[in-house]
Each structure stands twice: as C-alpha cells, then as structure tokens.
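Here the structure is laid out as structure tokens; the discussion comes afterwards.
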Amino acid sequence: MLLINFYQNYNYNGISKNNLNYVCNKYIYIMVNLEWYRTFKSVYKNGNFSLAAKELFISQPAVSQQIAMLEAHVGYKLFNRKSKGVEPTEYAKLLNNLIIEALDRLENVENGFRTKAFNANKLVSVGISKHLFSSIGNQLISKFDFIDFTYAENDELFNLVDNKKIDFAIVTKKYDTFDTVQSELGKIKQIMISSPDLEIKTIKEEIKKENFTEVENWLNHQKWYNFDARIPHVKLFWLYVFDKKRPSIISNYIIPSEYEMLESLSKNTGISIVWDINVEKHLKEKKIQLVWDSPKMPSTQVFLLCRKNDTLNSVLKNVVEEIKTSFNLG
C-alpha cells in the first residue's frame, strides 16, 4: 500500500513503479550512514553545498563526497548543479519525503540525549576570575556534576575558549567574534564597604550632603584592604565618583582574593571597594557594612562565553537563565 500511494503521487513526474520500488527498497533494507542523510537534508534545505557545509561545520568537499556516496547507494542522481547552488531531482524529492520525518525525530532524540548526558556526566572546563568564584563560580557548581575551574582574567579567558582549551568562561568584557557565543548574565557594580566595628554614621551623612572633600579626607585616613597592589577598583571609584585619576589612599593589606579579603576585613578594621555580588551574604549576616553605593559608579556587564558548538550552546541558555534567577542580576 505504501509503495502504491507513493507511485500514485510521483508517477506524473516520470518515475516508474520499478524505479520507485528500487529506491524504497534501498531505503528500507540498506543501512546508510546517518551523516549522509543529515548532509542530504541540509543540502536539500539550503539548495547549496557551501551553506550546508557551514551549517554542518564540515568542509564543502566533505559535503560533496557524502552526497556522492549517498547517490551511489540509492543508484540515482539527487542534485543537479545550477549557476547558483544545486536543484533537487525528482528522486531527491522522493527520498526527502521518505526520510525527513524519521530523521527529524531521530535528531531530536539524539540532541536530547546528548544534552542530558552533557549535563550529567561531562567534565566541564570553566574559566573565571578568582574574585568572582565565591559568587558565580559556586552557582555553576550546582549546575554540573564535574567542573575543572581555571583562574584568569578577561583576555586570557577569551583566548582559552577560542583555542578550545576550556568550554566556558565568565568575563566582564564583550568579545565580537564569529567563532564564539556570548550571553549576558547580568550586571555587577563596585561599592564601598567597611568592617562592622567602624563608625560610619557621620561619614554617610557627609556623603548624603555631597561634601566630597570631607569624605575623601576621611577615607584617606582609613586602613585599606585591596586584592591588587595596583588598586584598580579604587582608581575606578575615584575616577567616577571624585573625578580624580589618582587617589591618595595607601593600601595597608593586599590579599589576592576578594573573598578572602572580605573574610579578613569582617574580622578586623578597615575599608574596601568590592563587587556588590560578592558581599550580599556578608551584608545580610552583618559581617560588613555598606558605606557607599554611589550612583556615579557605572555597572559592569557579566557574560558567559563559549565557542560555537551545538552541544555547548544547547546547555548555555539553560545555565544562563538559572544563574540569572539565582543572583537576581540586572
């Protein structure tokens, strides 16, 4: 019945019943490499070998070779070349109708299985600044069973992803390249905090009055905690808030991890400028105090970066959404 129906549908196109039987028998009884069918589907859809190659992330000669092997198996020419691209033959139209539903269903099952296996079993390599590990890094741990973390900063993290040495990277800089995908997690901001024992009521009143000369003078006399001797956070804060390139403060303590620096500050006396995302828990537990969240200080975008890869990209969206919810970023 199936062959009769196809014969009735395609007889007007000049395909004989014997030829139709031959094509169907080839499809039903010969196990053909699934990649040939995928390539056929892409060429049929795009009408172009080059576009199919880009979609499948393979070379154009590989596409041509797979189509030639499939044609040899079914015994018929499937595409005719035109000035721009290719045109499917009547046999290609028939083959497409025979396989498309089953192929789509199989690809959906395969993609779902790969995504589930990726989530559950794959060792994921993630690059992140050590200063964001205690917040965003710990959230990533709840999304995967196996993670290999690498500490680095923006440009080095990008190079690690681009060179396929790590799967994902958390960066605070936008990279516009063809081979990578970047999704925004949200925004973070630098704020000024102090140890819980410091009396800050008076200085907060001066901040409210915008008496910045008095505020700066007070800050210059405090003990400062920083994670970098070059004090990049402090310099940026002074630039935006005080409109000065070089603050007069002296770093009393250099602790090269923002999390460890916060822990130390909570047990001692002093001032620091940190990412707001890192201090939520400390503020709630009253381990530190918020001194100044200046509206002049701009926010910084945080991105999850990975290279273009079907399996990675399918996971990327879910991870981004979960992290956004967890942190209430943006």
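Scheme for the structure tokens: letters A, B, ... for chains in order shown; per-chain residue numbers from 1; ligand numbers from 1 in order shown.
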Write out, as CSV, each residue of region 123-167 of chain A that has an atom at most 8 Å from region 250-274 of chain A, together with the closest pair of atoms and their distance in Å to one decimal, counting only C-alpha atoms, rows going by chain and rising number.
residue,atom,partner,partner_atom,distance
A:Lys130,CA,A:Ser257,CA,6.4
A:His131,CA,A:Glu258,CA,5.0
A:Leu132,CA,A:Glu258,CA,7.9
A:Ser134,CA,A:Tyr259,CA,6.5
I need the chosen residues saved as a CSV table (one decimal), in the first residue's frame, with all heavy atoms.
chain,number,residue,atom,x,y,z
A,130,LYS,N,39.3,34.8,39.9
A,130,LYS,CA,39.2,34.3,41.2
A,130,LYS,C,38.4,35.2,42.1
A,130,LYS,O,37.9,34.7,43.2
A,130,LYS,CB,40.6,34.1,41.8
A,130,LYS,CG,41.4,35.4,41.8
A,130,LYS,CD,42.9,35.1,42.2
A,130,LYS,CE,43.8,36.3,42.1
A,130,LYS,NZ,45.2,36.0,42.4
A,131,HIS,N,38.2,36.4,41.7
A,131,HIS,CA,37.4,37.3,42.5
A,131,HIS,C,35.9,37.1,42.4
A,131,HIS,O,35.1,37.6,43.2
A,131,HIS,CB,37.8,38.8,42.2
A,131,HIS,CG,39.2,39.0,42.2
A,131,HIS,ND1,40.0,38.8,43.3
A,131,HIS,CD2,40.1,39.4,41.2
A,131,HIS,CE1,41.3,39.1,43.0
A,131,HIS,NE2,41.3,39.5,41.8
A,132,LEU,N,35.5,36.4,41.4
A,132,LEU,CA,34.1,36.1,41.2
A,132,LEU,C,33.7,34.6,41.5
A,132,LEU,O,32.6,34.2,41.3
A,132,LEU,CB,33.6,36.4,39.7
A,132,LEU,CG,33.7,37.9,39.3
A,132,LEU,CD1,33.3,38.1,37.9
A,132,LEU,CD2,32.7,38.7,40.2
A,134,SER,N,33.6,32.9,44.3
A,134,SER,CA,32.8,32.7,45.5
A,134,SER,C,31.3,32.9,45.2
A,134,SER,O,30.5,32.3,45.9
A,134,SER,CB,33.3,33.5,46.7
A,134,SER,OG,33.1,34.9,46.4
* **Residue list (strand (DSSP E), DSSP) for region 114-320 of chain A, as an MDAnalysis selection string** => chainID A and resid 123:128 146:151 168:171 180:188 190:194 224:226 251:254 271:275 289:292 300:307
* Mind pulling up the distance from CA of Ile141 (chain A) to CA of Leu185 (chain A)? -> 15.9 Å
I need the residues in region 144-214 of chain A that are alpha helix (DSSP H) according to DSSP; give them as a short mmCIF file (atom, residue, chain, number, x, y, z; two decimals) with all heavy atoms, in the first residue's frame.
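As a result, states31.cif now contains:
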data_model
loop_
_atom_site.label_atom_id
_atom_site.label_comp_id
_atom_site.auth_asym_id
_atom_site.auth_seq_id
_atom_site.Cartn_x
_atom_site.Cartn_y
_atom_site.Cartn_z
N ASN A 154 39.94 38.54 31.86
CA ASN A 154 39.15 38.57 30.62
C ASN A 154 39.86 38.09 29.36
O ASN A 154 39.43 37.12 28.73
CB ASN A 154 38.64 39.99 30.39
CG ASN A 154 37.52 40.36 31.33
OD1 ASN A 154 36.77 39.51 31.78
ND2 ASN A 154 37.40 41.63 31.65
N ASP A 155 40.94 38.76 28.94
CA ASP A 155 41.57 38.43 27.65
C ASP A 155 42.16 37.03 27.64
O ASP A 155 42.07 36.31 26.64
CB ASP A 155 42.64 39.47 27.31
CG ASP A 155 42.04 40.82 26.96
OD1 ASP A 155 40.82 40.89 26.71
OD2 ASP A 155 42.79 41.82 26.96
N GLU A 156 42.76 36.63 28.75
CA GLU A 156 43.29 35.27 28.83
C GLU A 156 42.17 34.24 28.78
O GLU A 156 42.30 33.19 28.14
CB GLU A 156 44.12 35.09 30.11
CG GLU A 156 44.81 33.75 30.18
CD GLU A 156 45.64 33.56 31.44
OE1 GLU A 156 45.79 34.55 32.20
OE2 GLU A 156 46.11 32.44 31.68
N LEU A 157 41.05 34.54 29.43
CA LEU A 157 39.90 33.63 29.40
C LEU A 157 39.36 33.50 27.98
O LEU A 157 39.02 32.39 27.54
CB LEU A 157 38.80 34.14 30.34
CG LEU A 157 39.09 34.05 31.83
CD1 LEU A 157 38.01 34.76 32.62
CD2 LEU A 157 39.21 32.59 32.27
N PHE A 158 39.27 34.61 27.27
CA PHE A 158 38.80 34.55 25.88
C PHE A 158 39.71 33.66 25.03
O PHE A 158 39.24 32.82 24.25
CB PHE A 158 38.73 35.94 25.27
CG PHE A 158 38.50 35.91 23.78
CD1 PHE A 158 37.23 35.65 23.27
CD2 PHE A 158 39.56 36.11 22.90
CE1 PHE A 158 37.02 35.59 21.90
CE2 PHE A 158 39.36 36.04 21.53
CZ PHE A 158 38.09 35.79 21.03
N ASN A 159 41.02 33.83 25.17
CA ASN A 159 41.96 33.03 24.40
C ASN A 159 41.84 31.54 24.73
O ASN A 159 41.96 30.69 23.85
CB ASN A 159 43.39 33.51 24.66
CG ASN A 159 43.67 34.85 24.01
OD1 ASN A 159 43.10 35.18 22.98
ND2 ASN A 159 44.55 35.64 24.61
N LEU A 160 41.59 31.22 25.98
CA LEU A 160 41.42 29.82 26.37
C LEU A 160 40.20 29.20 25.72
O LEU A 160 40.22 28.06 25.26
CB LEU A 160 41.32 29.71 27.90
CG LEU A 160 42.61 29.97 28.69
CD1 LEU A 160 42.31 30.06 30.18
CD2 LEU A 160 43.64 28.88 28.42
N VAL A 161 39.09 29.97 25.66
CA VAL A 161 37.87 29.49 24.98
C VAL A 161 38.11 29.39 23.48
O VAL A 161 37.78 28.39 22.84
CB VAL A 161 36.68 30.43 25.27
CG1 VAL A 161 35.49 30.08 24.39
CG2 VAL A 161 36.28 30.34 26.73
N ASP A 162 38.69 30.43 22.91
CA ASP A 162 38.90 30.49 21.46
C ASP A 162 39.82 29.37 20.98
O ASP A 162 39.65 28.85 19.87
CB ASP A 162 39.47 31.86 21.09
CG ASP A 162 39.36 32.15 19.60
OD1 ASP A 162 38.30 31.86 19.02
OD2 ASP A 162 40.32 32.68 19.02
N LYS A 201 28.31 56.37 60.58
CA LYS A 201 27.10 57.20 60.51
C LYS A 201 27.44 58.62 60.07
O LYS A 201 26.77 59.19 59.19
CB LYS A 201 26.41 57.22 61.87
CG LYS A 201 25.12 58.02 61.87
CD LYS A 201 24.43 57.96 63.22
CE LYS A 201 23.14 58.78 63.20
NZ LYS A 201 22.47 58.77 64.53
N THR A 202 28.49 59.21 60.65
CA THR A 202 28.84 60.59 60.33
C THR A 202 29.27 60.74 58.89
O THR A 202 28.84 61.68 58.19
CB THR A 202 29.98 61.08 61.26
OG1 THR A 202 29.57 60.95 62.61
CG2 THR A 202 30.32 62.53 60.96
N ILE A 203 30.10 59.82 58.41
CA ILE A 203 30.60 59.94 57.04
C ILE A 203 29.48 59.70 56.03
O ILE A 203 29.47 60.28 54.93
CB ILE A 203 31.81 59.00 56.79
CG1 ILE A 203 32.60 59.49 55.59
CG2 ILE A 203 31.36 57.56 56.59
CD1 ILE A 203 33.19 60.88 55.77
N LYS A 204 28.51 58.87 56.35
CA LYS A 204 27.38 58.65 55.45
C LYS A 204 26.53 59.92 55.33
O LYS A 204 25.96 60.21 54.28
CB LYS A 204 26.53 57.47 55.93
CG LYS A 204 27.24 56.12 55.79
CD LYS A 204 26.35 54.94 56.09
CE LYS A 204 25.42 54.64 54.94
NZ LYS A 204 24.71 53.36 55.10
N GLU A 205 26.47 60.69 56.40
CA GLU A 205 25.76 61.97 56.35
C GLU A 205 26.50 62.95 55.44
O GLU A 205 25.88 63.71 54.69
CB GLU A 205 25.63 62.55 57.76
CG GLU A 205 24.64 61.77 58.64
CD GLU A 205 24.62 62.28 60.07
OE1 GLU A 205 25.44 63.18 60.40
OE2 GLU A 205 23.79 61.78 60.86
N GLU A 206 27.84 62.93 55.52
CA GLU A 206 28.65 63.79 54.64
C GLU A 206 28.48 63.37 53.17
O GLU A 206 28.45 64.22 52.28
CB GLU A 206 30.12 63.72 55.05
CG GLU A 206 30.42 64.25 56.45
CD GLU A 206 30.12 65.74 56.59
OE1 GLU A 206 30.14 66.46 55.57
OE2 GLU A 206 29.86 66.17 57.72
N ILE A 207 28.38 62.08 52.94
CA ILE A 207 28.15 61.59 51.57
C ILE A 207 26.80 62.08 51.06
O ILE A 207 26.67 62.53 49.91
CB ILE A 207 28.21 60.04 51.54
CG1 ILE A 207 29.64 59.56 51.81
CG2 ILE A 207 27.71 59.50 50.20
CD1 ILE A 207 29.77 58.06 51.98
N LYS A 208 25.80 62.00 51.91
CA LYS A 208 24.46 62.46 51.54
C LYS A 208 24.46 63.94 51.20
O LYS A 208 23.74 64.39 50.29
CB LYS A 208 23.48 62.15 52.67
CG LYS A 208 22.04 62.37 52.32
CD LYS A 208 21.13 61.91 53.46
CE LYS A 208 19.67 62.10 53.08
NZ LYS A 208 18.77 61.65 54.20
N PHE A 212 32.19 66.06 49.36
CA PHE A 212 33.16 65.06 48.93
C PHE A 212 34.59 65.36 49.41
O PHE A 212 35.38 64.43 49.54
CB PHE A 212 33.13 64.93 47.41
CG PHE A 212 31.84 64.35 46.89
CD1 PHE A 212 31.37 64.65 45.62
CD2 PHE A 212 31.08 63.48 47.68
CE1 PHE A 212 30.19 64.11 45.14
CE2 PHE A 212 29.88 62.94 47.21
CZ PHE A 212 29.44 63.26 45.94
N THR A 213 34.90 66.61 49.65
CA THR A 213 36.24 66.92 50.18
C THR A 213 36.42 66.32 51.56
O THR A 213 37.45 65.70 51.86
CB THR A 213 36.45 68.45 50.25
OG1 THR A 213 36.31 69.00 48.94
CG2 THR A 213 37.83 68.78 50.79
N GLU A 214 35.41 66.46 52.39
CA GLU A 214 35.45 65.89 53.73
C GLU A 214 35.44 64.36 53.68
O GLU A 214 36.14 63.69 54.45
CB GLU A 214 34.25 66.40 54.54
CG GLU A 214 34.21 65.94 55.98
CD GLU A 214 35.37 66.51 56.80
OE1 GLU A 214 35.85 67.61 56.47
OE2 GLU A 214 35.80 65.83 57.76
#
* Shell around region 41-56 of chain A at 12 Å using only C-alpha atoms, local window under 4 positions removed, as a PyMOL selection string -> chain A and resi 34-37+60-67+70+78-104+107+179+308-310
* To do: Provide the CA of Glu280 (chain A) to CA of Asn138 (chain A) distance in Å, to one decimal place.
  =>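 Here the two named atoms are 14.0 Å from each other.
Neighbouring residues of region 285-300 of chain A at 6 Å or closer, counting only C-alpha atoms and skipping chain neighbours under 2 positions away, are Lys187, Ile188, Lys189, Ile191, Met192, Ile193, Ser194, Ser195, Pro196, Tyr240, Val241, Ser266, His282 and Leu283 of chain A.
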With N, CA and C atoms kept, could you save the residues just selected as a compact mmCIF listing (two decimals), in the first residue's frame?
# COMPACT_ATOMS: atom_id res chain seq x y z
N LYS A 187 24.39 42.35 35.51
CA LYS A 187 25.31 43.46 35.78
C LYS A 187 25.77 43.42 37.24
N ILE A 188 27.02 43.80 37.45
CA ILE A 188 27.57 43.93 38.79
C ILE A 188 28.15 45.33 38.94
N LYS A 189 28.39 45.73 40.19
CA LYS A 189 28.82 47.10 40.43
C LYS A 189 29.79 47.15 41.61
N ILE A 191 31.13 48.76 44.97
CA ILE A 191 30.62 49.54 46.09
C ILE A 191 31.68 49.61 47.19
N MET A 192 31.50 50.57 48.09
CA MET A 192 32.44 50.72 49.20
C MET A 192 31.84 50.12 50.45
N ILE A 193 32.64 49.28 51.13
CA ILE A 193 32.17 48.62 52.36
C ILE A 193 33.22 48.80 53.46
N SER A 194 32.80 48.52 54.70
CA SER A 194 33.73 48.63 55.82
C SER A 194 33.53 47.47 56.77
N SER A 195 34.45 47.32 57.69
CA SER A 195 34.33 46.33 58.76
C SER A 195 33.17 46.73 59.67
N PRO A 196 32.60 45.77 60.40
CA PRO A 196 31.41 46.07 61.21
C PRO A 196 31.68 46.98 62.41
N TYR A 240 35.31 57.94 38.77
CA TYR A 240 33.90 58.21 38.51
C TYR A 240 33.24 59.06 39.61
N VAL A 241 33.62 58.81 40.84
CA VAL A 241 32.93 59.46 41.96
C VAL A 241 33.56 60.80 42.33
N SER A 266 36.09 41.44 57.64
CA SER A 266 34.98 41.25 58.58
C SER A 266 35.47 40.98 60.01
N HIS A 282 27.53 38.61 53.19
CA HIS A 282 28.20 39.31 54.29
C HIS A 282 27.34 40.44 54.84
N LEU A 283 26.65 41.14 53.97
CA LEU A 283 25.78 42.24 54.42
C LEU A 283 24.59 41.70 55.21
* Asked: Please, what distance in Å, to one decimal, runs between CA of Thr180 (chain A) and CA of Ala152 (chain A)?
  -> 18.0 Å
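Between Phe242 (chain A) and the residues A:Asn217, A:Gln222, A:Thr177, A:Gln301, the shortest atom-to-atom distance, using only C-alpha atoms, involves A:Asn217.
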* To do: Please provide the set of residues having any atom within 6 Å of Gly127 (chain A), restricted to only C-alpha atoms, with same-chain residues fewer than 5 positions apart removed, written as a ChimeraX atom specification.
  => /A:149-151,157,169
Dump as an mmCIF file, in the first residue's frame, selection limited to all heavy atoms:
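This went into result_36.cif:
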data_model
loop_
_atom_site.group_PDB
_atom_site.id
_atom_site.type_symbol
_atom_site.label_atom_id
_atom_site.label_comp_id
_atom_site.auth_asym_id
_atom_site.auth_seq_id
_atom_site.Cartn_x
_atom_site.Cartn_y
_atom_site.Cartn_z
ATOM 1 N N PHE A 149 37.905 24.141 37.070
ATOM 2 C CA PHE A 149 37.991 25.596 37.042
ATOM 3 C C PHE A 149 39.413 26.063 36.730
ATOM 4 O O PHE A 149 40.395 25.449 37.169
ATOM 5 C CB PHE A 149 37.568 26.199 38.392
ATOM 6 C CG PHE A 149 36.080 26.225 38.605
ATOM 7 C CD1 PHE A 149 35.475 25.293 39.442
ATOM 8 C CD2 PHE A 149 35.282 27.176 37.996
ATOM 9 C CE1 PHE A 149 34.109 25.312 39.660
ATOM 10 C CE2 PHE A 149 33.914 27.214 38.199
ATOM 11 C CZ PHE A 149 33.326 26.277 39.031
ATOM 12 N N THR A 150 39.496 27.159 35.982
ATOM 13 C CA THR A 150 40.763 27.830 35.703
ATOM 14 C C THR A 150 40.618 29.299 36.080
ATOM 15 O O THR A 150 39.660 29.958 35.658
ATOM 16 C CB THR A 150 41.132 27.736 34.207
ATOM 17 O OG1 THR A 150 41.302 26.361 33.841
ATOM 18 C CG2 THR A 150 42.411 28.498 33.910
ATOM 19 N N TYR A 151 41.544 29.817 36.882
ATOM 20 C CA TYR A 151 41.532 31.226 37.250
ATOM 21 C C TYR A 151 42.295 32.046 36.206
ATOM 22 O O TYR A 151 43.454 31.753 35.894
ATOM 23 C CB TYR A 151 42.189 31.451 38.608
ATOM 24 C CG TYR A 151 41.345 31.057 39.797
ATOM 25 C CD1 TYR A 151 41.935 30.833 41.040
ATOM 26 C CD2 TYR A 151 39.968 30.924 39.698
ATOM 27 C CE1 TYR A 151 41.180 30.482 42.151
ATOM 28 C CE2 TYR A 151 39.200 30.556 40.789
ATOM 29 C CZ TYR A 151 39.810 30.337 42.018
ATOM 30 O OH TYR A 151 39.059 29.989 43.102
ATOM 31 N N LEU A 157 41.048 34.543 29.431
ATOM 32 C CA LEU A 157 39.901 33.632 29.400
ATOM 33 C C LEU A 157 39.358 33.497 27.984
ATOM 34 O O LEU A 157 39.021 32.391 27.540
ATOM 35 C CB LEU A 157 38.804 34.141 30.338
ATOM 36 C CG LEU A 157 39.093 34.046 31.829
ATOM 37 C CD1 LEU A 157 38.005 34.755 32.623
ATOM 38 C CD2 LEU A 157 39.206 32.595 32.270
ATOM 39 N N ALA A 169 33.593 30.492 29.868
ATOM 40 C CA ALA A 169 34.332 31.493 30.637
ATOM 41 C C ALA A 169 33.360 32.561 31.124
ATOM 42 O O ALA A 169 32.420 32.940 30.415
ATOM 43 C CB ALA A 169 35.430 32.138 29.799
#
